[in-house]
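S.K.: Pasting work-v4.txt below, which is compact mmCIF, N, CA and C atoms and all ligand atoms.
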```
# COMPACT_ATOMS: atom_id res chain seq x y z
N MET A 12 -20.76 -9.54 -9.09
CA MET A 12 -20.64 -8.10 -9.31
C MET A 12 -22.04 -7.49 -9.44
N ASP A 13 -22.33 -6.49 -8.63
CA ASP A 13 -23.65 -5.86 -8.73
C ASP A 13 -23.54 -4.37 -9.08
N TYR A 14 -22.33 -3.92 -9.43
CA TYR A 14 -22.06 -2.53 -9.87
C TYR A 14 -22.18 -1.50 -8.76
N ARG A 15 -22.47 -1.91 -7.52
CA ARG A 15 -22.46 -0.96 -6.41
C ARG A 15 -21.68 -1.53 -5.23
N LYS A 16 -22.18 -2.64 -4.68
CA LYS A 16 -21.48 -3.23 -3.53
C LYS A 16 -20.24 -4.00 -3.96
N ASN A 17 -20.30 -4.57 -5.12
CA ASN A 17 -19.17 -5.33 -5.65
C ASN A 17 -18.88 -4.88 -7.07
N MET A 18 -17.65 -4.46 -7.29
CA MET A 18 -17.31 -3.92 -8.61
C MET A 18 -15.94 -4.41 -9.03
N SER A 19 -15.79 -4.80 -10.25
CA SER A 19 -14.47 -5.18 -10.78
C SER A 19 -14.27 -4.54 -12.14
N ILE A 20 -13.03 -4.12 -12.38
CA ILE A 20 -12.70 -3.61 -13.71
C ILE A 20 -11.44 -4.34 -14.18
N ILE A 21 -11.31 -4.46 -15.50
CA ILE A 21 -10.11 -5.13 -16.02
C ILE A 21 -9.39 -4.21 -16.98
N GLY A 22 -8.09 -4.43 -17.11
CA GLY A 22 -7.29 -3.74 -18.13
C GLY A 22 -6.96 -4.75 -19.21
N LEU A 23 -7.22 -4.39 -20.46
CA LEU A 23 -6.95 -5.28 -21.59
C LEU A 23 -5.82 -4.73 -22.45
N ALA A 24 -4.98 -5.60 -22.95
CA ALA A 24 -3.95 -5.19 -23.92
C ALA A 24 -4.12 -6.07 -25.16
N SER A 25 -3.94 -5.45 -26.32
CA SER A 25 -4.04 -6.21 -27.57
C SER A 25 -2.67 -6.69 -27.99
N LYS A 26 -2.59 -7.98 -28.30
CA LYS A 26 -1.31 -8.54 -28.73
C LYS A 26 -1.59 -9.46 -29.91
N ARG A 27 -1.05 -9.13 -31.07
CA ARG A 27 -1.24 -9.92 -32.30
C ARG A 27 -2.70 -10.31 -32.48
N GLY A 28 -3.56 -9.32 -32.34
CA GLY A 28 -4.99 -9.57 -32.59
C GLY A 28 -5.74 -10.18 -31.43
N HIS A 29 -5.01 -10.59 -30.38
CA HIS A 29 -5.69 -11.17 -29.22
C HIS A 29 -5.73 -10.15 -28.10
N LYS A 30 -6.82 -10.16 -27.36
CA LYS A 30 -6.89 -9.31 -26.17
C LYS A 30 -6.54 -10.12 -24.94
N GLU A 31 -5.68 -9.56 -24.11
CA GLU A 31 -5.27 -10.26 -22.90
C GLU A 31 -5.57 -9.39 -21.69
N ILE A 32 -6.01 -10.03 -20.61
CA ILE A 32 -6.22 -9.29 -19.36
C ILE A 32 -4.87 -9.06 -18.71
N VAL A 33 -4.53 -7.78 -18.47
CA VAL A 33 -3.23 -7.47 -17.85
C VAL A 33 -3.38 -6.82 -16.47
N ALA A 34 -4.59 -6.48 -16.11
CA ALA A 34 -4.79 -5.85 -14.79
C ALA A 34 -6.24 -6.06 -14.34
N ILE A 35 -6.38 -6.21 -13.03
CA ILE A 35 -7.73 -6.35 -12.44
C ILE A 35 -7.78 -5.50 -11.18
N GLY A 36 -8.85 -4.76 -11.05
CA GLY A 36 -9.09 -4.00 -9.83
C GLY A 36 -10.50 -4.27 -9.35
N SER A 37 -10.65 -4.47 -8.05
CA SER A 37 -11.98 -4.77 -7.50
C SER A 37 -12.18 -4.04 -6.19
N TYR A 38 -13.44 -3.77 -5.91
CA TYR A 38 -13.78 -3.40 -4.54
C TYR A 38 -15.02 -4.17 -4.13
N ALA A 39 -15.16 -4.35 -2.82
CA ALA A 39 -16.34 -5.03 -2.27
C ALA A 39 -16.75 -4.30 -1.00
N ALA A 40 -18.04 -4.19 -0.78
CA ALA A 40 -18.54 -3.49 0.42
C ALA A 40 -17.90 -4.09 1.66
N PHE A 41 -17.46 -3.21 2.57
CA PHE A 41 -16.81 -3.66 3.80
C PHE A 41 -17.64 -3.22 5.00
N GLU A 42 -17.90 -1.93 5.05
CA GLU A 42 -18.78 -1.36 6.06
C GLU A 42 -19.77 -0.48 5.32
N GLU A 43 -20.63 0.17 6.08
CA GLU A 43 -21.66 1.03 5.49
C GLU A 43 -21.09 1.95 4.38
N ASP A 44 -20.00 2.66 4.70
CA ASP A 44 -19.48 3.63 3.73
C ASP A 44 -18.02 3.37 3.34
N LYS A 45 -17.55 2.14 3.59
CA LYS A 45 -16.17 1.78 3.21
C LYS A 45 -16.20 0.51 2.36
N ALA A 46 -15.31 0.47 1.38
CA ALA A 46 -15.21 -0.73 0.55
C ALA A 46 -13.77 -1.23 0.58
N GLU A 47 -13.62 -2.55 0.48
CA GLU A 47 -12.27 -3.12 0.48
C GLU A 47 -11.79 -3.22 -0.97
N ILE A 48 -10.58 -2.73 -1.20
CA ILE A 48 -10.06 -2.69 -2.58
C ILE A 48 -8.90 -3.66 -2.73
N ALA A 49 -8.77 -4.23 -3.93
CA ALA A 49 -7.62 -5.07 -4.28
C ALA A 49 -7.26 -4.80 -5.74
N LEU A 50 -5.96 -4.73 -6.00
CA LEU A 50 -5.47 -4.45 -7.35
C LEU A 50 -4.41 -5.47 -7.73
N VAL A 51 -4.35 -5.83 -8.99
CA VAL A 51 -3.22 -6.63 -9.47
C VAL A 51 -2.94 -6.25 -10.92
N VAL A 52 -1.65 -6.05 -11.20
CA VAL A 52 -1.21 -5.72 -12.56
C VAL A 52 -0.19 -6.77 -12.96
N ARG A 53 -0.32 -7.31 -14.16
CA ARG A 53 0.61 -8.35 -14.62
C ARG A 53 2.05 -7.82 -14.57
N ASP A 54 2.97 -8.68 -14.16
CA ASP A 54 4.36 -8.24 -13.92
C ASP A 54 4.93 -7.39 -15.05
N ASP A 55 4.75 -7.84 -16.30
CA ASP A 55 5.37 -7.12 -17.42
C ASP A 55 4.64 -5.83 -17.81
N PHE A 56 3.57 -5.51 -17.09
CA PHE A 56 2.87 -4.24 -17.35
C PHE A 56 2.97 -3.29 -16.16
N GLN A 57 3.74 -3.69 -15.14
CA GLN A 57 3.85 -2.84 -13.94
C GLN A 57 4.73 -1.63 -14.21
N ARG A 58 4.64 -0.65 -13.32
CA ARG A 58 5.43 0.60 -13.36
C ARG A 58 5.12 1.46 -14.58
N GLN A 59 3.88 1.37 -15.07
CA GLN A 59 3.47 2.23 -16.19
C GLN A 59 2.27 3.07 -15.80
N GLY A 60 1.92 3.06 -14.53
CA GLY A 60 0.80 3.87 -14.06
C GLY A 60 -0.54 3.16 -14.08
N ILE A 61 -0.55 1.87 -14.46
CA ILE A 61 -1.84 1.17 -14.59
C ILE A 61 -2.49 0.96 -13.21
N GLY A 62 -1.69 0.58 -12.21
CA GLY A 62 -2.24 0.37 -10.87
C GLY A 62 -2.88 1.64 -10.33
N THR A 63 -2.19 2.75 -10.50
CA THR A 63 -2.72 4.05 -10.03
C THR A 63 -3.98 4.42 -10.81
N HIS A 64 -3.98 4.13 -12.09
CA HIS A 64 -5.15 4.44 -12.92
C HIS A 64 -6.37 3.63 -12.46
N LEU A 65 -6.15 2.33 -12.18
CA LEU A 65 -7.26 1.50 -11.68
C LEU A 65 -7.79 2.05 -10.36
N LEU A 66 -6.85 2.47 -9.50
CA LEU A 66 -7.24 3.01 -8.19
C LEU A 66 -8.13 4.25 -8.37
N LYS A 67 -7.73 5.13 -9.30
CA LYS A 67 -8.52 6.35 -9.55
C LYS A 67 -9.91 6.03 -10.11
N ILE A 68 -9.96 5.08 -11.03
CA ILE A 68 -11.27 4.72 -11.62
C ILE A 68 -12.18 4.12 -10.54
N LEU A 69 -11.62 3.20 -9.73
CA LEU A 69 -12.44 2.56 -8.69
C LEU A 69 -12.87 3.59 -7.64
N GLU A 70 -12.00 4.56 -7.36
CA GLU A 70 -12.38 5.61 -6.41
C GLU A 70 -13.58 6.40 -6.95
N ARG A 71 -13.51 6.74 -8.23
CA ARG A 71 -14.62 7.52 -8.81
C ARG A 71 -15.93 6.73 -8.76
N ILE A 72 -15.86 5.43 -9.13
CA ILE A 72 -17.08 4.61 -9.13
C ILE A 72 -17.60 4.45 -7.70
N ALA A 73 -16.69 4.19 -6.76
CA ALA A 73 -17.11 3.99 -5.36
C ALA A 73 -17.72 5.28 -4.80
N ALA A 74 -17.10 6.43 -5.12
CA ALA A 74 -17.64 7.71 -4.62
C ALA A 74 -19.03 7.95 -5.19
N GLU A 75 -19.22 7.61 -6.47
CA GLU A 75 -20.54 7.76 -7.08
C GLU A 75 -21.57 6.85 -6.41
N ASN A 76 -21.08 5.76 -5.82
CA ASN A 76 -21.97 4.82 -5.12
C ASN A 76 -22.03 5.10 -3.63
N ASN A 77 -21.62 6.32 -3.26
CA ASN A 77 -21.75 6.83 -1.88
C ASN A 77 -20.80 6.22 -0.86
N TYR A 78 -19.74 5.59 -1.33
CA TYR A 78 -18.70 5.18 -0.38
C TYR A 78 -17.83 6.39 -0.08
N LYS A 79 -17.27 6.39 1.13
CA LYS A 79 -16.45 7.53 1.57
C LYS A 79 -14.95 7.20 1.58
N GLY A 80 -14.64 5.92 1.41
CA GLY A 80 -13.23 5.55 1.42
C GLY A 80 -13.03 4.07 1.18
N PHE A 81 -11.74 3.72 1.03
CA PHE A 81 -11.36 2.32 0.84
C PHE A 81 -10.59 1.83 2.07
N ILE A 82 -10.62 0.52 2.24
CA ILE A 82 -9.68 -0.12 3.15
C ILE A 82 -8.99 -1.23 2.33
N ALA A 83 -7.80 -1.61 2.79
CA ALA A 83 -7.10 -2.72 2.12
C ALA A 83 -6.25 -3.46 3.14
N SER A 84 -6.17 -4.76 2.99
CA SER A 84 -5.26 -5.58 3.79
C SER A 84 -4.11 -5.97 2.88
N VAL A 85 -2.91 -5.60 3.29
CA VAL A 85 -1.74 -5.80 2.42
C VAL A 85 -0.63 -6.45 3.24
N LEU A 86 0.08 -7.40 2.65
CA LEU A 86 1.24 -7.98 3.34
C LEU A 86 2.25 -6.87 3.63
N LYS A 87 2.85 -6.93 4.84
CA LYS A 87 3.78 -5.87 5.26
C LYS A 87 4.90 -5.63 4.26
N GLU A 88 5.38 -6.73 3.66
CA GLU A 88 6.53 -6.58 2.74
C GLU A 88 6.12 -6.02 1.38
N ASN A 89 4.83 -5.86 1.15
CA ASN A 89 4.36 -5.36 -0.15
C ASN A 89 4.44 -3.83 -0.17
N ARG A 90 5.69 -3.33 -0.16
CA ARG A 90 5.92 -1.89 -0.07
C ARG A 90 5.33 -1.16 -1.29
N VAL A 91 5.35 -1.83 -2.46
CA VAL A 91 4.87 -1.16 -3.68
C VAL A 91 3.37 -0.87 -3.58
N MET A 92 2.61 -1.87 -3.09
CA MET A 92 1.16 -1.65 -2.96
C MET A 92 0.88 -0.55 -1.93
N ILE A 93 1.59 -0.59 -0.81
CA ILE A 93 1.37 0.42 0.23
C ILE A 93 1.75 1.81 -0.30
N HIS A 94 2.87 1.87 -1.04
CA HIS A 94 3.30 3.16 -1.63
C HIS A 94 2.25 3.68 -2.62
N THR A 95 1.70 2.77 -3.43
CA THR A 95 0.70 3.17 -4.44
C THR A 95 -0.52 3.79 -3.75
N PHE A 96 -0.96 3.16 -2.66
CA PHE A 96 -2.11 3.71 -1.92
C PHE A 96 -1.74 5.04 -1.28
N GLN A 97 -0.57 5.10 -0.63
CA GLN A 97 -0.19 6.32 0.10
C GLN A 97 0.06 7.49 -0.84
N LYS A 98 0.55 7.19 -2.03
CA LYS A 98 0.82 8.30 -2.96
C LYS A 98 -0.49 8.96 -3.39
N HIS A 99 -1.51 8.16 -3.61
CA HIS A 99 -2.79 8.72 -4.04
C HIS A 99 -3.60 9.27 -2.86
N PHE A 100 -3.44 8.64 -1.71
CA PHE A 100 -4.14 9.09 -0.49
C PHE A 100 -3.08 9.40 0.57
N PRO A 101 -2.50 10.60 0.53
CA PRO A 101 -1.36 10.91 1.41
C PRO A 101 -1.66 10.79 2.89
N LYS A 102 -2.93 10.92 3.27
CA LYS A 102 -3.24 10.82 4.71
C LYS A 102 -3.75 9.44 5.10
N SER A 103 -3.43 8.44 4.30
CA SER A 103 -3.84 7.06 4.62
C SER A 103 -3.41 6.70 6.04
N GLU A 104 -4.26 5.95 6.72
CA GLU A 104 -3.88 5.43 8.04
C GLU A 104 -3.41 4.00 7.86
N ILE A 105 -2.25 3.70 8.43
CA ILE A 105 -1.68 2.36 8.30
C ILE A 105 -1.65 1.70 9.68
N MET A 106 -2.33 0.56 9.80
CA MET A 106 -2.33 -0.16 11.08
C MET A 106 -1.73 -1.54 10.90
N SER A 107 -0.82 -1.87 11.80
CA SER A 107 -0.13 -3.16 11.70
C SER A 107 -1.02 -4.26 12.30
N ARG A 108 -1.11 -5.38 11.58
CA ARG A 108 -1.89 -6.54 12.07
C ARG A 108 -1.12 -7.80 11.75
N GLY A 109 -0.19 -8.18 12.62
CA GLY A 109 0.63 -9.36 12.38
C GLY A 109 1.47 -9.17 11.14
N SER A 110 1.32 -10.11 10.20
CA SER A 110 2.14 -10.04 8.99
C SER A 110 1.55 -9.08 7.95
N GLU A 111 0.39 -8.51 8.28
CA GLU A 111 -0.27 -7.62 7.33
C GLU A 111 -0.40 -6.20 7.87
N VAL A 112 -0.64 -5.28 6.97
CA VAL A 112 -1.05 -3.94 7.41
C VAL A 112 -2.44 -3.69 6.86
N PHE A 113 -3.17 -2.89 7.61
CA PHE A 113 -4.53 -2.53 7.25
C PHE A 113 -4.46 -1.04 6.86
N VAL A 114 -4.78 -0.75 5.60
CA VAL A 114 -4.66 0.63 5.11
C VAL A 114 -6.06 1.23 5.01
N GLN A 115 -6.23 2.40 5.63
CA GLN A 115 -7.53 3.09 5.54
C GLN A 115 -7.35 4.35 4.72
N MET A 116 -8.15 4.49 3.66
CA MET A 116 -8.04 5.63 2.75
C MET A 116 -9.37 6.38 2.71
N ASP A 117 -9.25 7.68 2.78
CA ASP A 117 -10.45 8.53 2.82
C ASP A 117 -10.53 9.34 1.52
N PHE A 118 -11.64 9.26 0.82
CA PHE A 118 -11.74 9.98 -0.46
C PHE A 118 -11.59 11.50 -0.27
N GLU A 119 -12.00 12.01 0.88
CA GLU A 119 -11.86 13.45 1.16
C GLU A 119 -10.39 13.86 1.12
N ASP A 120 -9.55 13.02 1.66
CA ASP A 120 -8.11 13.26 1.70
C ASP A 120 -7.62 13.52 0.29
N HIS A 121 -7.96 12.62 -0.60
CA HIS A 121 -7.50 12.75 -1.97
C HIS A 121 -8.09 13.98 -2.64
N MET A 122 -9.37 14.22 -2.42
CA MET A 122 -10.03 15.33 -3.10
C MET A 122 -9.45 16.69 -2.70
N GLN A 123 -8.88 16.76 -1.48
CA GLN A 123 -8.28 18.03 -1.05
C GLN A 123 -6.94 18.28 -1.72
N THR A 124 -6.29 17.22 -2.21
CA THR A 124 -4.95 17.40 -2.75
C THR A 124 -4.93 17.52 -4.27
N GLU A 125 -5.82 16.83 -4.94
CA GLU A 125 -5.89 16.96 -6.40
C GLU A 125 -7.28 16.53 -6.85
N PRO A 126 -7.74 17.08 -7.99
CA PRO A 126 -9.08 16.70 -8.44
C PRO A 126 -9.13 15.24 -8.87
N VAL A 127 -10.29 14.60 -8.70
CA VAL A 127 -10.44 13.21 -9.12
C VAL A 127 -10.35 13.15 -10.63
N ASP A 128 -9.57 12.21 -11.13
CA ASP A 128 -9.42 12.01 -12.57
C ASP A 128 -10.75 11.51 -13.14
N ARG A 129 -11.35 12.27 -14.01
CA ARG A 129 -12.68 11.89 -14.53
C ARG A 129 -12.57 10.99 -15.76
N GLN A 130 -11.37 10.66 -16.22
CA GLN A 130 -11.26 9.88 -17.46
C GLN A 130 -11.38 8.39 -17.20
C1 LIG A 201 0.89 -2.97 -6.53
C2 LIG A 201 0.60 -2.95 -8.02
C3 LIG A 201 -0.90 -3.15 -8.26
C4 LIG A 201 1.05 -1.60 -8.61
O1 LIG A 201 0.74 -1.59 -10.00
P1 LIG A 201 1.56 -0.68 -11.05
O2 LIG A 201 0.80 -0.69 -12.33
O3 LIG A 201 2.99 -1.11 -11.10
O4 LIG A 201 1.45 0.74 -10.33
P2 LIG A 201 1.93 2.15 -10.89
O5 LIG A 201 2.66 1.99 -12.18
O6 LIG A 201 0.76 3.05 -10.83
O7 LIG A 201 3.00 2.58 -9.81
C5 LIG A 201 2.62 3.07 -8.56
C6 LIG A 201 3.88 3.39 -7.78
O8 LIG A 201 4.56 2.18 -7.42
C7 LIG A 201 5.90 2.21 -7.92
N1 LIG A 201 6.29 0.87 -8.35
C8 LIG A 201 5.57 0.05 -9.15
N2 LIG A 201 6.25 -1.12 -9.29
C9 LIG A 201 7.38 -1.00 -8.56
C10 LIG A 201 8.48 -1.86 -8.30
N3 LIG A 201 8.53 -3.09 -8.82
N4 LIG A 201 9.48 -1.42 -7.49
C11 LIG A 201 9.44 -0.17 -6.94
N5 LIG A 201 8.41 0.69 -7.15
C12 LIG A 201 7.40 0.28 -7.96
C13 LIG A 201 5.85 3.16 -9.10
O9 LIG A 201 7.14 3.70 -9.39
C14 LIG A 201 4.87 4.22 -8.57
O10 LIG A 201 5.49 5.08 -7.65
P3 LIG A 201 6.02 6.54 -8.08
O11 LIG A 201 4.89 7.19 -8.82
O12 LIG A 201 6.36 7.18 -6.77
O13 LIG A 201 7.21 6.34 -8.96
C15 LIG A 201 1.42 -4.07 -8.71
O14 LIG A 201 2.76 -3.93 -8.32
C16 LIG A 201 0.93 -5.47 -8.43
O15 LIG A 201 0.06 -5.99 -9.13
N6 LIG A 201 1.50 -6.13 -7.43
C17 LIG A 201 1.17 -7.51 -7.15
C18 LIG A 201 -0.26 -7.67 -6.66
C19 LIG A 201 -0.45 -7.21 -5.25
O16 LIG A 201 0.47 -7.30 -4.45
N7 LIG A 201 -1.67 -6.78 -4.94
C20 LIG A 201 -1.96 -6.37 -3.60
C21 LIG A 201 -3.32 -6.86 -3.16
S1 LIG A 201 -4.29 -5.48 -2.59
```
Re-express the file's structure as structure tokens.
M.R.:
Amino acid sequence: MDYRKNMSIIGLASKRGHKEIVAIGSYAAFEEDKAEIALVVRDDFQRQGIGTHLLKILERIAAENNYKGFIASVLKENRVMIHTFQKHFPKSEIMSRGSEVFVQMDFEDHMQTEPVDRQ
């Protein structure tokens, strides 16, 4: 992790005095102005907005580091991941590649529809 080309953030939950990692989000430089993103949220913490929150935080950090968008390779059957990306980036481009889809997300797209969450 170098805080620009490679960035990871974690979500922690406290349980009986112990902190546990329940979510991880990362991006890594892909092209000059695009970074590849990956998210994972622990099963019992899903559907609470954590995945979307990680996406927003990583978008803000990537934009501050002069990236213009994300790309992601996702298994075709992973409808939840594709939906999460498309909901935040409504104009995402989806390209089929065998058993995977390649999702292209543009930060401009998102910025035109709602302000970036600064929290
Ligand atoms: C994809 C993933 C990161 C989403 O995390 P999350 O914390 O559940 O996401 P959110 O709570 O922000 O939900 C985002 C959207 O997905 C929907 N969603 C989440 N889990 C769902 C499920 N099991 N079934 C149907 N919809 C689901 C939410 O309802 C929400 O949509 P909505 O706002 O239209 O209702 C999580 O499901 C995950 O870790 N999956 C396994 C890892 C993975 O496949 N990673 C892909 C590698 S890039």
S.K.: List all protein, DNA and RNA residues that have any atom at most 5 Å from ligand LIG 201 (chain A), counting all atoms listed in the file, and write the list as JSON, numbers by chain.
M.R.: {"A": [48, 49, 50, 51, 52, 57, 58, 59, 60, 61, 62, 63, 91, 92, 95]}
S.K.: Can you write out the residues you just picked, keeping N, CA and C atoms, as an mmCIF file, keeping the file's coordinate frame?
M.R.:
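Printed below is again_20.cif as written:
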```cif
data_model
loop_
_atom_site.group_PDB
_atom_site.id
_atom_site.type_symbol
_atom_site.label_atom_id
_atom_site.label_comp_id
_atom_site.auth_asym_id
_atom_site.auth_seq_id
_atom_site.Cartn_x
_atom_site.Cartn_y
_atom_site.Cartn_z
ATOM 1 N N ILE A 48 -10.580 -2.730 -1.200
ATOM 2 C CA ILE A 48 -10.060 -2.690 -2.580
ATOM 3 C C ILE A 48 -8.900 -3.660 -2.730
ATOM 4 N N ALA A 49 -8.770 -4.230 -3.930
ATOM 5 C CA ALA A 49 -7.620 -5.070 -4.280
ATOM 6 C C ALA A 49 -7.260 -4.800 -5.740
ATOM 7 N N LEU A 50 -5.960 -4.730 -6.000
ATOM 8 C CA LEU A 50 -5.470 -4.450 -7.350
ATOM 9 C C LEU A 50 -4.410 -5.470 -7.730
ATOM 10 N N VAL A 51 -4.350 -5.830 -8.990
ATOM 11 C CA VAL A 51 -3.220 -6.630 -9.470
ATOM 12 C C VAL A 51 -2.940 -6.250 -10.920
ATOM 13 N N VAL A 52 -1.650 -6.050 -11.200
ATOM 14 C CA VAL A 52 -1.210 -5.720 -12.560
ATOM 15 C C VAL A 52 -0.190 -6.770 -12.960
ATOM 16 N N GLN A 57 3.740 -3.690 -15.140
ATOM 17 C CA GLN A 57 3.850 -2.840 -13.940
ATOM 18 C C GLN A 57 4.730 -1.630 -14.210
ATOM 19 N N ARG A 58 4.640 -0.650 -13.320
ATOM 20 C CA ARG A 58 5.430 0.600 -13.360
ATOM 21 C C ARG A 58 5.120 1.460 -14.580
ATOM 22 N N GLN A 59 3.880 1.370 -15.070
ATOM 23 C CA GLN A 59 3.470 2.230 -16.190
ATOM 24 C C GLN A 59 2.270 3.070 -15.800
ATOM 25 N N GLY A 60 1.920 3.060 -14.530
ATOM 26 C CA GLY A 60 0.800 3.870 -14.060
ATOM 27 C C GLY A 60 -0.540 3.160 -14.080
ATOM 28 N N ILE A 61 -0.550 1.870 -14.460
ATOM 29 C CA ILE A 61 -1.840 1.170 -14.590
ATOM 30 C C ILE A 61 -2.490 0.960 -13.210
ATOM 31 N N GLY A 62 -1.690 0.580 -12.210
ATOM 32 C CA GLY A 62 -2.240 0.370 -10.870
ATOM 33 C C GLY A 62 -2.880 1.640 -10.330
ATOM 34 N N THR A 63 -2.190 2.750 -10.500
ATOM 35 C CA THR A 63 -2.720 4.050 -10.030
ATOM 36 C C THR A 63 -3.980 4.420 -10.810
ATOM 37 N N VAL A 91 5.350 -1.830 -2.460
ATOM 38 C CA VAL A 91 4.870 -1.160 -3.680
ATOM 39 C C VAL A 91 3.370 -0.870 -3.580
ATOM 40 N N MET A 92 2.610 -1.870 -3.090
ATOM 41 C CA MET A 92 1.160 -1.650 -2.960
ATOM 42 C C MET A 92 0.880 -0.550 -1.930
ATOM 43 N N THR A 95 1.700 2.770 -3.430
ATOM 44 C CA THR A 95 0.700 3.170 -4.440
ATOM 45 C C THR A 95 -0.520 3.790 -3.750
#
```
S.K.: Find the residue from A:Leu23, A:Val112, A:Ile105, A:Ile35 that sits nearest to Leu69 in chain A; use only C-alpha atoms when measuring.
M.R.: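 Looking at the shortest contact to Leu69 in chain A, the residue is A:Ile35.
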S.K.: If I wrap all listed atoms of range 95-105 of chain A in a box with edges along x, y and z and add 5 Å on each side, what are its centre and edge lengths in Å to one decimal, as JSON?
M.R.:
```
{"center_x": -1.3, "center_y": 6.3, "center_z": 2.6, "size_x": 16.0, "size_y": 19.2, "size_z": 24.1}
```
S.K.: Using backbone DSSP assignments, extract all strand (DSSP E or B) residues from chain A; output them as a ChimeraX atom specification.
M.R.: /A:17-26,29-42,45-52,80-86,104-108,111-117
S.K.: Which of these, A:Glu75, A:Glu43, A:Asp120, A:Asp55, has the shortest distance to Phe100 in chain A once you count all atoms listed in the file?
M.R.: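 For Phe100 in chain A, the nearest of the given residues is A:Asp120.
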S.K.: Could you check how far atom C of Gly28 in chain A sits from CA of Asp54 in chain A, in Å to one decimal?
M.R.: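 If I compute the distance from atom C of Gly28 in chain A to CA of Asp54 in chain A, I get 20.3 Å.
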S.K.: What does the distance from atom C of Tyr38 in chain A to atom C of Ala24 in chain A come to in Å, to one decimal?
M.R.: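 Computed distance, atom C of Tyr38 in chain A to atom C of Ala24 in chain A, equals 23.8 Å.
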S.K.: With distances taken over only C-alpha atoms, which residue among A:Asn17, A:Ser37, A:Ser107, A:Ser25 lies nearest Glu88 in chain A?
M.R.: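 When distances to Glu88 in chain A are compared using only C-alpha atoms, the smallest one comes from A:Ser107.
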S.K.: Take CA of Asp117 in chain A and CA of Val33 in chain A and report the distance between them in Å, one decimal.
M.R.: 27.1 Å
S.K.: Which residue is closest to Val85 in chain A? Choose from A:Asp44, A:Glu70, A:Glu104, A:Glu111 and count only N, CA and C atoms.
M.R.: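 Going through A:Asp44, A:Glu70, A:Glu104, A:Glu111 one by one, the smallest distance to Val85 in chain A is for A:Glu111.
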S.K.: Enumerate, as an MDAnalysis selection string, the complete set of residues in chain A that a backbone-based DSSP assignment places in alpha helix (DSSP H).
M.R.: chainID A and resid 61:75 90:99 118:124
S.K.: Can you pull out every residue within 5 Å of Ala46 in chain A, counting all atoms listed in the file, but drop anything in the same chain fewer than 2 positions away, and send it as a ChimeraX atom specification?
M.R.: /A:39-41,44,48,80-82
S.K.: Which residue is closest to Gly109 in chain A? Choose from A:Ala34, A:Ser84, A:Glu42, A:Arg71 and count only C-alpha atoms.
M.R.: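 The closest residue to Gly109 in chain A is A:Ser84.
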S.K.: Could you check the closest approach to Gln115 in chain A for each of A:Lys67, A:Lys79, A:Ile32, A:Ser103 and tell me which residue wins, using all atoms listed in the file?
M.R.: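 Going through A:Lys67, A:Lys79, A:Ile32, A:Ser103 one by one, the smallest distance to Gln115 in chain A is for A:Ser103.
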